[in-house]
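Trainee: Handing over protein-v1.txt, compact mmCIF, C-alpha atoms.
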```txt
# COMPACT_ATOMS: atom_id res chain seq x y z
CA MET D 229 30.33 2.47 6.40
CA ASN D 230 29.05 3.61 9.76
CA ASN D 231 31.50 5.38 12.02
CA ASP D 232 29.84 5.34 15.45
CA LYS D 233 31.20 7.56 18.19
CA ASN D 234 29.96 6.08 21.44
CA ALA D 235 31.47 8.61 23.80
CA VAL D 236 28.96 10.99 25.31
CA GLY D 237 28.67 14.18 23.28
CA ASN D 238 30.41 12.80 20.19
CA PRO D 239 28.32 12.54 17.03
CA ARG D 240 27.76 9.44 14.93
CA TYR D 241 28.77 9.48 11.30
CA LEU D 242 27.96 7.57 8.17
CA ASP D 243 31.10 7.50 6.00
CA ILE D 244 30.87 7.08 2.22
CA VAL D 245 34.18 6.50 0.47
CA CYS D 246 34.52 7.99 -2.99
CA GLU D 247 37.28 6.67 -5.24
CA GLY D 248 38.09 8.93 -8.17
CA ASP D 249 35.69 11.69 -9.15
CA THR D 250 34.25 13.51 -6.13
CA GLY D 251 31.81 15.62 -8.10
CA PRO D 252 31.58 19.37 -8.72
CA GLU D 253 33.58 21.56 -6.37
CA TYR D 254 30.57 23.86 -5.96
CA GLU D 255 28.51 21.02 -4.46
CA ARG D 256 31.26 19.85 -2.11
CA ARG D 257 31.97 23.35 -0.84
CA MET D 258 28.35 24.39 -0.50
CA LEU D 259 27.30 21.23 1.38
CA SER D 260 30.25 21.46 3.76
CA ARG D 261 29.18 25.01 4.71
CA ASN D 262 25.40 24.62 4.64
CA GLN D 263 22.76 22.07 5.53
CA PRO D 264 19.88 22.33 3.04
CA ARG D 265 16.56 21.17 4.43
CA GLY D 266 16.08 17.42 4.06
CA LEU D 267 19.80 16.66 3.61
CA LEU D 268 22.24 15.40 6.22
CA LYS D 269 25.02 17.67 7.41
CA MET D 270 28.18 16.65 5.54
CA HIS D 271 31.90 17.34 5.54
CA LEU D 272 34.65 15.96 3.34
CA THR D 273 38.13 14.64 4.08
CA VAL D 274 40.63 13.86 1.33
CA ASP D 275 43.68 11.60 1.55
CA GLY D 276 45.42 11.58 -1.81
CA GLU D 277 42.92 10.27 -4.37
CA ARG D 278 40.69 8.84 -1.68
CA ALA D 279 37.87 11.08 -0.49
CA VAL D 280 35.45 10.34 2.32
CA PHE D 281 32.11 12.08 2.81
CA HIS D 282 31.11 12.11 6.49
CA TYR D 283 27.39 12.49 7.29
CA ASN D 284 26.20 13.36 10.79
CA ILE D 285 23.55 10.79 11.79
CA ASN D 286 23.42 11.58 15.49
CA GLY D 287 19.98 10.75 16.93
CA LEU D 288 18.80 9.14 13.68
CA VAL D 289 18.01 5.60 12.60
CA SER D 290 18.38 4.19 9.10
CA LEU D 291 15.30 3.25 7.10
CA LYS D 292 16.55 -0.33 6.88
CA GLU D 293 17.04 -0.66 10.63
CA PHE D 294 13.69 0.97 11.38
CA THR D 295 11.79 -1.24 8.91
CA GLU D 296 13.41 -4.46 10.12
CA ARG D 297 12.78 -3.56 13.76
CA THR D 298 9.20 -2.30 13.53
CA GLY D 299 7.85 -3.76 10.27
CA LYS D 300 6.18 -0.41 9.53
CA ASP D 301 5.58 0.81 5.98
CA CYS D 302 7.34 4.18 5.58
CA SER D 303 6.89 4.45 1.81
CA ASP D 304 4.30 7.22 2.08
CA THR D 305 6.45 9.26 4.47
CA LEU D 306 9.47 8.72 2.26
CA VAL D 307 7.83 9.82 -0.98
CA ARG D 308 6.42 12.94 0.65
CA ALA D 309 9.90 13.74 1.97
CA LEU D 310 11.29 13.36 -1.56
CA GLU D 311 8.58 15.69 -2.83
CA ARG D 312 9.62 18.40 -0.37
CA LEU D 313 13.27 17.75 -1.15
CA SER D 314 12.74 18.43 -4.87
CA ASP D 315 12.22 22.12 -4.06
CA THR D 316 15.43 22.17 -2.02
CA LEU D 317 17.42 20.59 -4.85
CA PHE D 318 16.10 23.16 -7.30
CA SER D 319 16.89 26.08 -4.97
CA TYR D 320 20.50 24.95 -4.40
CA MET D 321 21.08 23.79 -8.00
CA LEU D 322 21.67 20.19 -6.92
CA SER D 323 21.00 17.01 -8.90
CA GLU D 324 18.49 14.34 -7.87
CA SER D 325 20.83 11.69 -9.27
CA LYS D 326 23.27 12.36 -6.39
CA LEU D 327 20.75 11.31 -3.73
CA GLU D 328 21.59 8.08 -1.95
CA LEU D 329 18.39 5.98 -1.94
CA ALA D 330 19.73 2.76 -0.42
CA PRO D 331 17.65 1.99 2.70
CA GLU D 332 20.77 1.93 4.89
CA ARG D 333 21.61 5.48 3.72
CA ILE D 334 18.20 7.08 4.34
CA PHE D 335 17.64 8.22 7.91
CA LEU D 336 14.62 9.01 10.10
CA ARG D 337 14.17 10.80 13.37
CA GLU D 338 11.79 8.53 15.27
CA ASP D 339 10.33 11.16 17.55
CA SER D 340 9.21 13.47 14.70
CA GLY D 341 9.19 11.19 11.64
CA ALA D 342 11.47 13.60 9.76
CA VAL D 343 13.44 12.03 6.90
CA SER D 344 16.98 13.03 5.88
CA PHE D 345 18.94 11.97 2.80
CA CYS D 346 22.61 11.71 1.97
CA TYR D 347 23.71 13.86 -0.95
CA ASN D 348 26.80 12.31 -2.50
CA PRO D 349 28.49 14.61 -5.05
CA GLY D 350 30.60 11.70 -6.32
CA LYS D 351 27.72 9.26 -6.89
CA GLN D 352 27.71 7.74 -10.38
CA GLU D 353 24.47 5.73 -10.35
CA SER D 354 21.44 7.39 -11.98
CA PHE D 355 18.33 8.38 -10.06
CA SER D 356 16.18 5.80 -11.87
CA GLU D 357 18.62 2.99 -11.01
CA SER D 358 18.64 4.00 -7.34
CA LEU D 359 14.86 4.35 -7.31
CA GLN D 360 14.36 0.89 -8.78
CA LYS D 361 16.51 -0.63 -6.03
CA LEU D 362 14.52 1.24 -3.38
CA THR D 363 11.14 0.06 -4.68
CA GLU D 364 12.52 -3.46 -4.97
CA TYR D 365 13.47 -3.25 -1.30
CA TRP D 366 9.91 -2.20 -0.44
CA ILE D 367 8.50 -5.26 -2.19
CA ARG D 368 10.91 -7.58 -0.40
CA ALA D 369 10.70 -6.04 3.06
CA LEU D 370 7.18 -4.72 3.53
CA GLU D 371 3.95 -6.54 4.36
CA PRO D 372 1.22 -3.86 4.17
CA GLU D 373 -2.05 -4.44 6.01
CA LYS D 374 -4.20 -3.53 2.99
CA GLU D 375 -4.14 -5.29 -0.33
CA GLY D 376 -4.46 -1.91 -2.06
CA ASP D 377 -1.08 -0.95 -0.58
CA VAL D 378 0.46 -4.13 -1.95
CA LEU D 379 -0.79 -3.28 -5.42
CA LEU D 380 0.59 0.24 -4.98
CA LEU D 381 4.10 -1.04 -4.23
CA TYR D 382 4.11 -3.14 -7.39
CA ALA D 383 2.88 -0.20 -9.44
CA LEU D 384 5.71 1.94 -8.05
CA TYR D 385 8.26 -0.73 -8.90
CA ARG D 386 7.02 -0.91 -12.49
CA LYS D 387 7.15 2.89 -12.75
CA ALA D 388 10.69 2.99 -11.36
CA ARG D 389 11.81 0.61 -14.10
CA GLU D 390 10.95 3.15 -16.79
CA PRO D 391 14.19 4.49 -18.33
CA GLY D 392 15.02 8.02 -17.25
CA ILE D 393 12.23 8.36 -14.69
CA GLY D 394 12.68 11.57 -12.70
CA LEU D 395 11.79 12.59 -9.18
CA THR D 396 8.91 14.88 -10.17
CA ASP D 397 7.28 12.28 -12.44
CA PHE D 398 7.64 9.57 -9.82
CA VAL D 399 6.08 11.68 -7.06
CA LYS D 400 3.18 12.65 -9.35
CA PHE D 401 2.60 8.99 -10.25
CA TYR D 402 2.70 8.03 -6.57
CA HIS D 403 -0.03 10.51 -5.63
CA GLU D 404 -2.25 9.29 -8.48
CA LYS D 405 -1.89 5.66 -7.42
CA ARG D 406 -2.16 6.51 -3.73
CA THR D 407 -5.51 8.21 -4.37
CA GLU D 408 -6.75 5.19 -6.33
CA ALA D 409 -5.70 2.83 -3.54
CA ASP D 410 -7.42 4.95 -0.88
CA ARG D 411 -10.67 5.24 -2.83
CA ALA D 412 -10.84 1.67 -4.01
CA GLU D 413 -13.11 -0.67 -2.11
CA ILE D 414 -11.35 -3.93 -2.85
CA PRO D 415 -13.56 -6.99 -2.27
CA GLU D 416 -12.39 -10.41 -1.25
CA ARG D 417 -9.57 -11.60 -3.43
CA VAL D 418 -11.19 -13.43 -6.32
CA GLU D 419 -8.95 -12.38 -9.21
CA PRO D 420 -5.61 -14.06 -9.94
CA VAL D 421 -2.38 -12.10 -9.73
CA PRO D 422 -1.68 -10.49 -13.12
CA GLU D 423 1.06 -12.18 -15.11
CA GLU D 424 3.17 -9.03 -14.97
CA ARG D 425 3.28 -9.13 -11.18
CA MET D 426 4.12 -12.83 -11.22
CA GLU D 427 7.01 -12.03 -13.57
CA ILE D 428 8.25 -9.36 -11.15
CA MET D 429 8.10 -11.83 -8.26
CA GLU D 430 10.09 -14.38 -10.27
CA GLU D 431 12.55 -11.73 -11.41
CA LEU D 432 13.22 -10.71 -7.80
CA GLY D 433 13.51 -14.32 -6.67
CA LEU D 434 10.41 -14.13 -4.48
CA GLU D 435 8.71 -17.48 -3.95
CA THR D 436 5.45 -16.04 -2.67
CA GLY D 437 5.87 -12.27 -2.38
CA SER D 438 3.28 -10.71 -0.12
CA ARG D 439 0.90 -13.01 1.72
CA TYR D 440 -1.93 -11.19 -0.02
CA LEU D 441 -0.46 -11.94 -3.44
CA LYS D 442 -0.02 -15.58 -2.53
CA GLU D 443 -3.62 -15.87 -1.41
CA ALA D 444 -4.82 -14.00 -4.46
CA TYR D 445 -2.91 -16.34 -6.74
CA GLU D 446 -3.74 -19.67 -5.08
CA GLU D 447 -7.35 -19.19 -3.97
CA PRO D 448 -9.30 -17.40 -6.71
CA ARG D 449 -10.49 -20.39 -8.69
CA ARG D 450 -11.71 -22.23 -5.61
CA GLU D 451 -13.49 -19.09 -4.40
CA LYS D 452 -15.04 -18.52 -7.82
CA ARG D 453 -16.40 -22.07 -7.87
CA LEU D 454 -17.94 -21.62 -4.43
CA ARG D 455 -19.49 -18.31 -5.45
CA ARG D 456 -20.98 -19.84 -8.60
CA GLN D 457 -22.45 -22.69 -6.58
CA GLU D 458 -23.96 -20.26 -4.09
CA ALA D 459 -25.45 -18.22 -6.94
CA LEU D 460 -27.21 -21.21 -8.54
CA PRO D 461 -30.99 -21.15 -7.97
CA ASP D 462 -32.55 -23.86 -5.83
CA GLU D 463 -34.36 -26.74 -7.55
CA PRO D 464 -37.93 -25.69 -8.45
CA PRO D 465 -40.60 -27.11 -6.09
CA VAL D 466 -42.88 -29.88 -7.36
CA PRO D 467 -46.40 -28.42 -7.93
CA PRO D 468 -49.03 -29.94 -5.59
CA VAL D 469 -51.54 -32.39 -7.05
CA SER D 470 -55.18 -31.32 -6.72
CA GLY D 471 -56.99 -33.09 -3.89
CA MET D 472 -53.80 -34.12 -2.13
CA ALA D 473 -51.68 -32.59 0.61
CA GLY D 474 -50.90 -29.55 -1.53
CA SER D 475 -54.58 -28.43 -1.37
CA GLU D 476 -54.55 -28.59 2.43
CA ASP D 477 -51.39 -26.48 2.45
CA LYS D 478 -53.12 -23.94 0.22
CA LYS D 479 -56.17 -23.76 2.56
CA GLU D 480 -53.94 -23.38 5.55
CA SER D 481 -52.07 -20.60 3.81
CA ILE D 482 -55.36 -18.68 3.15
CA TRP D 483 -56.49 -19.04 6.77
CA THR D 484 -53.08 -17.85 7.97
CA ARG D 485 -53.50 -14.66 5.90
CA LEU D 486 -57.05 -14.01 7.22
CA LYS D 487 -56.29 -14.80 10.84
CA PRO D 488 -55.33 -11.18 11.79
CA TYR D 489 -58.87 -10.10 10.69
CA SER D 490 -60.77 -12.78 12.64
CA PHE D 491 -62.53 -10.22 14.89
CA GLU D 492 -63.80 -8.14 11.97
CA ILE D 493 -64.93 -11.29 10.16
CA GLY D 494 -66.88 -12.42 13.29
CA VAL D 495 -68.64 -9.06 13.63
CA ALA D 496 -69.58 -9.05 9.95
CA ALA D 497 -71.00 -12.58 10.27
CA ALA D 498 -73.09 -11.63 13.32
CA VAL D 499 -74.52 -8.59 11.54
CA ALA D 500 -75.37 -10.67 8.49
CA ALA D 501 -77.13 -13.24 10.67
CA GLY D 502 -79.17 -10.51 12.40
CA ILE D 503 -80.27 -9.04 9.07
CA ALA D 504 -81.28 -12.46 7.79
CA LEU D 505 -83.35 -13.08 10.95
CA ILE D 506 -85.25 -9.82 10.53
CA VAL D 507 -85.90 -10.40 6.83
CA PHE D 508 -87.25 -13.92 7.17
CA THR D 509 -89.42 -13.46 10.29
```
When written as structure tokens, how does the structure in this file appear?
Mentor:
Amino acid sequence: MNNDKNAVGNPRYLDIVCEGDTGPEYERRMLSRNQPRGLLKMHLTVDGERAVFHYNINGLVSLKEFTERTGKDCSDTLVRALERLSDTLFSYMLSESKLELAPERIFLREDSGAVSFCYNPGKQESFSESLQKLTEYWIRALEPEKEGDVLLLYALYRKAREPGIGLTDFVKFYHEKRTEADRAEIPERVEPVPEERMEIMEELGLETGSRYLKEAYEEPRREKRLRRQEALPDEPPVPPVSGMAGSEDKKESIWTRLKPYSFEIGVAAAVAAGIALIVFT
């Protein structure tokens, strides 16, 4: 729930209601007194068994709002922010499973590109479950300009589905696949979409997925046929019959080759004629 304060000078808050367990007291107390790098400033209010975590989002925009408004792919920025955040979590003895990874609960500062996360001490969902939902959102919402980036998003989604995947392993996998995507020189799409990716698209209820995936799935066979036809050698020429037009073509071809040397040939002929005149007179 967003709690927007529109009056000048008043901050905006994202409110997350926690019913029941609110997490370790150490985390609640520490986060209410400190703001670790990469995490949103938070304070807690309690009314009976109902607790509300309030996150200051003044001057920030949610990942969901930013993506829907601009269409930009922030996956690289987001993963690098998670990589930096892993050190913060270790230093403050916090758990990666308490990070809120829903796109409406991840925030960016547009002027600097800085990313901030909500840390929810009462969160019950595992990190791998949250990560899978985030990568699923990327597949649904993003339309990268390069086909290599499309393949990267599907690879990340498959990795996120691995049981018990952790932040460190995911970041390492991302950098490996990011390097492959940057180095790869992907030609025109001539290979069909792998069955595994088609299964993912069907699982997520996507009719076509990315435009690149649609083109790659529908066009490859037609393109392959055209390429095969272009690669076929031309029909062999019919050899010329002696004494017919083919012989004239051959003579013309020889004269064409000797034409650049016509001056030298003329001089040599004149010299030969002069020698013959001297010898026979």
Trainee: Tell me which protein, DNA and RNA residues are within 12 Å of Ala383 (chain D), counting only C-alpha atoms, leaving out same-chain ones fewer than 4 positions away, and put them as a PyMOL selection string.
Mentor: chain D and resi 360+363-364+366-367+376-379+387-390+398+401-406+408-409+422+424-425+428
Trainee: For a test of reading the model, state the distance in Å between CA of Gly394 (chain D) and CA of Met258 (chain D), rounded to one decimal.
Mentor: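 One can read the CA of Gly394 (chain D) to CA of Met258 (chain D) distance as 23.6 Å.
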Trainee: Rounded to one decimal place, report the CA of Glu427 (chain D)-CA of Tyr385 (chain D) distance in Å.
Mentor: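 CA of Tyr385 (chain D) lies 12.3 Å from CA of Glu427 (chain D).
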Trainee: Tell me which protein, DNA and RNA residues are within 12 Å of region 296-299 of chain D, counting all atoms listed in the file, leaving out same-chain ones fewer than 5 positions away, and put them as a count of residues only.
Mentor: 14
Trainee: As an exercise, work out the distance from CA of Ala279 (chain D) to CA of Lys351 (chain D) in Å and give it to one decimal place.
Mentor: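 Separating CA of Ala279 (chain D) from CA of Lys351 (chain D) is a distance of 12.1 Å.
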Trainee: Neighbours of Gly266 (chain D) within 7 Å (all atoms listed in the file; same-chain residues fewer than 6 positions away dropped), as a list in words?
Mentor: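 Near Gly266 (chain D), the qualifying residues are Leu313, Val343, Ser344 and Phe345 of chain D.
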Trainee: Given the choices D:Val274, D:Ile393, D:Ala500, D:Val399, which gets closest to Arg308 (chain D) if the distance is worked out from all atoms listed in the file?
Mentor: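 Of D:Val274, D:Ile393, D:Ala500, D:Val399, the one nearest Arg308 (chain D) is D:Val399, counting all atoms listed in the file.
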Trainee: Restricting the calculation to all atoms listed in the file, which member of D:Glu293, D:Val307, D:Leu267, D:Ala342 is positioned closest to Leu327 (chain D)?
Mentor: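 Residue with the minimum atom-to-atom distance to Leu327 (chain D): D:Leu267.
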Trainee: From the set D:Leu381, D:Ile334, D:Leu322, D:Leu310, which residue has the shortest atom-to-atom contact distance to Leu268 (chain D), counting all atoms listed in the file?
Mentor: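 Counting all atoms listed in the file, the residue closest to Leu268 (chain D) is D:Ile334.
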Trainee: What would region 309-325 of chain D look like with N, CA and C atoms in place, written as a PDB file, keeping the file's coordinate frame?
Mentor:
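And here is the file that came out, rebuild.pdb:
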```
ATOM      1  N   ALA D 309       8.632  13.072   1.664  1.00  0.00           N
ATOM      2  CA  ALA D 309       9.900  13.740   1.970  1.00  0.00           C
ATOM      3  C   ALA D 309      10.671  14.041   0.687  1.00  0.00           C
ATOM      4  N   LEU D 310      10.643  13.126  -0.259  1.00  0.00           N
ATOM      5  CA  LEU D 310      11.290  13.360  -1.560  1.00  0.00           C
ATOM      6  C   LEU D 310      10.622  14.521  -2.297  1.00  0.00           C
ATOM      7  N   GLU D 311       9.300  14.597  -2.172  1.00  0.00           N
ATOM      8  CA  GLU D 311       8.580  15.690  -2.830  1.00  0.00           C
ATOM      9  C   GLU D 311       9.026  17.042  -2.278  1.00  0.00           C
ATOM     10  N   ARG D 312       9.154  17.149  -0.962  1.00  0.00           N
ATOM     11  CA  ARG D 312       9.620  18.400  -0.370  1.00  0.00           C
ATOM     12  C   ARG D 312      11.076  18.678  -0.748  1.00  0.00           C
ATOM     13  N   LEU D 313      11.849  17.603  -0.846  1.00  0.00           N
ATOM     14  CA  LEU D 313      13.270  17.750  -1.150  1.00  0.00           C
ATOM     15  C   LEU D 313      13.492  18.266  -2.569  1.00  0.00           C
ATOM     16  N   SER D 314      12.575  17.982  -3.485  1.00  0.00           N
ATOM     17  CA  SER D 314      12.740  18.430  -4.870  1.00  0.00           C
ATOM     18  C   SER D 314      12.857  19.947  -4.949  1.00  0.00           C
ATOM     19  N   ASP D 315      12.122  20.659  -4.098  1.00  0.00           N
ATOM     20  CA  ASP D 315      12.220  22.120  -4.060  1.00  0.00           C
ATOM     21  C   ASP D 315      13.594  22.557  -3.555  1.00  0.00           C
ATOM     22  N   THR D 316      14.110  21.844  -2.553  1.00  0.00           N
ATOM     23  CA  THR D 316      15.430  22.170  -2.020  1.00  0.00           C
ATOM     24  C   THR D 316      16.509  21.972  -3.085  1.00  0.00           C
ATOM     25  N   LEU D 317      16.430  20.863  -3.806  1.00  0.00           N
ATOM     26  CA  LEU D 317      17.420  20.590  -4.850  1.00  0.00           C
ATOM     27  C   LEU D 317      17.401  21.680  -5.916  1.00  0.00           C
ATOM     28  N   PHE D 318      16.214  22.108  -6.290  1.00  0.00           N
ATOM     29  CA  PHE D 318      16.100  23.160  -7.300  1.00  0.00           C
ATOM     30  C   PHE D 318      16.696  24.469  -6.789  1.00  0.00           C
ATOM     31  N   SER D 319      16.418  24.807  -5.535  1.00  0.00           N
ATOM     32  CA  SER D 319      16.890  26.080  -4.970  1.00  0.00           C
ATOM     33  C   SER D 319      18.410  26.128  -4.875  1.00  0.00           C
ATOM     34  N   TYR D 320      19.044  24.980  -4.573  1.00  0.00           N
ATOM     35  CA  TYR D 320      20.500  24.950  -4.400  1.00  0.00           C
ATOM     36  C   TYR D 320      21.222  24.439  -5.643  1.00  0.00           C
ATOM     37  N   MET D 321      20.498  24.266  -6.736  1.00  0.00           N
ATOM     38  CA  MET D 321      21.080  23.790  -8.000  1.00  0.00           C
ATOM     39  C   MET D 321      21.815  22.455  -7.812  1.00  0.00           C
ATOM     40  N   LEU D 322      21.130  21.526  -7.151  1.00  0.00           N
ATOM     41  CA  LEU D 322      21.670  20.190  -6.920  1.00  0.00           C
ATOM     42  C   LEU D 322      20.924  19.185  -7.794  1.00  0.00           C
ATOM     43  N   SER D 323      21.551  18.032  -8.004  1.00  0.00           N
ATOM     44  CA  SER D 323      21.000  17.010  -8.900  1.00  0.00           C
ATOM     45  C   SER D 323      20.357  15.882  -8.103  1.00  0.00           C
ATOM     46  N   GLU D 324      19.177  15.458  -8.532  1.00  0.00           N
ATOM     47  CA  GLU D 324      18.490  14.340  -7.870  1.00  0.00           C
ATOM     48  C   GLU D 324      19.254  13.033  -8.010  1.00  0.00           C
ATOM     49  N   SER D 325      20.079  12.929  -9.042  1.00  0.00           N
ATOM     50  CA  SER D 325      20.830  11.690  -9.270  1.00  0.00           C
ATOM     51  C   SER D 325      21.889  11.455  -8.191  1.00  0.00           C
TER      52      SER D 325
END
```
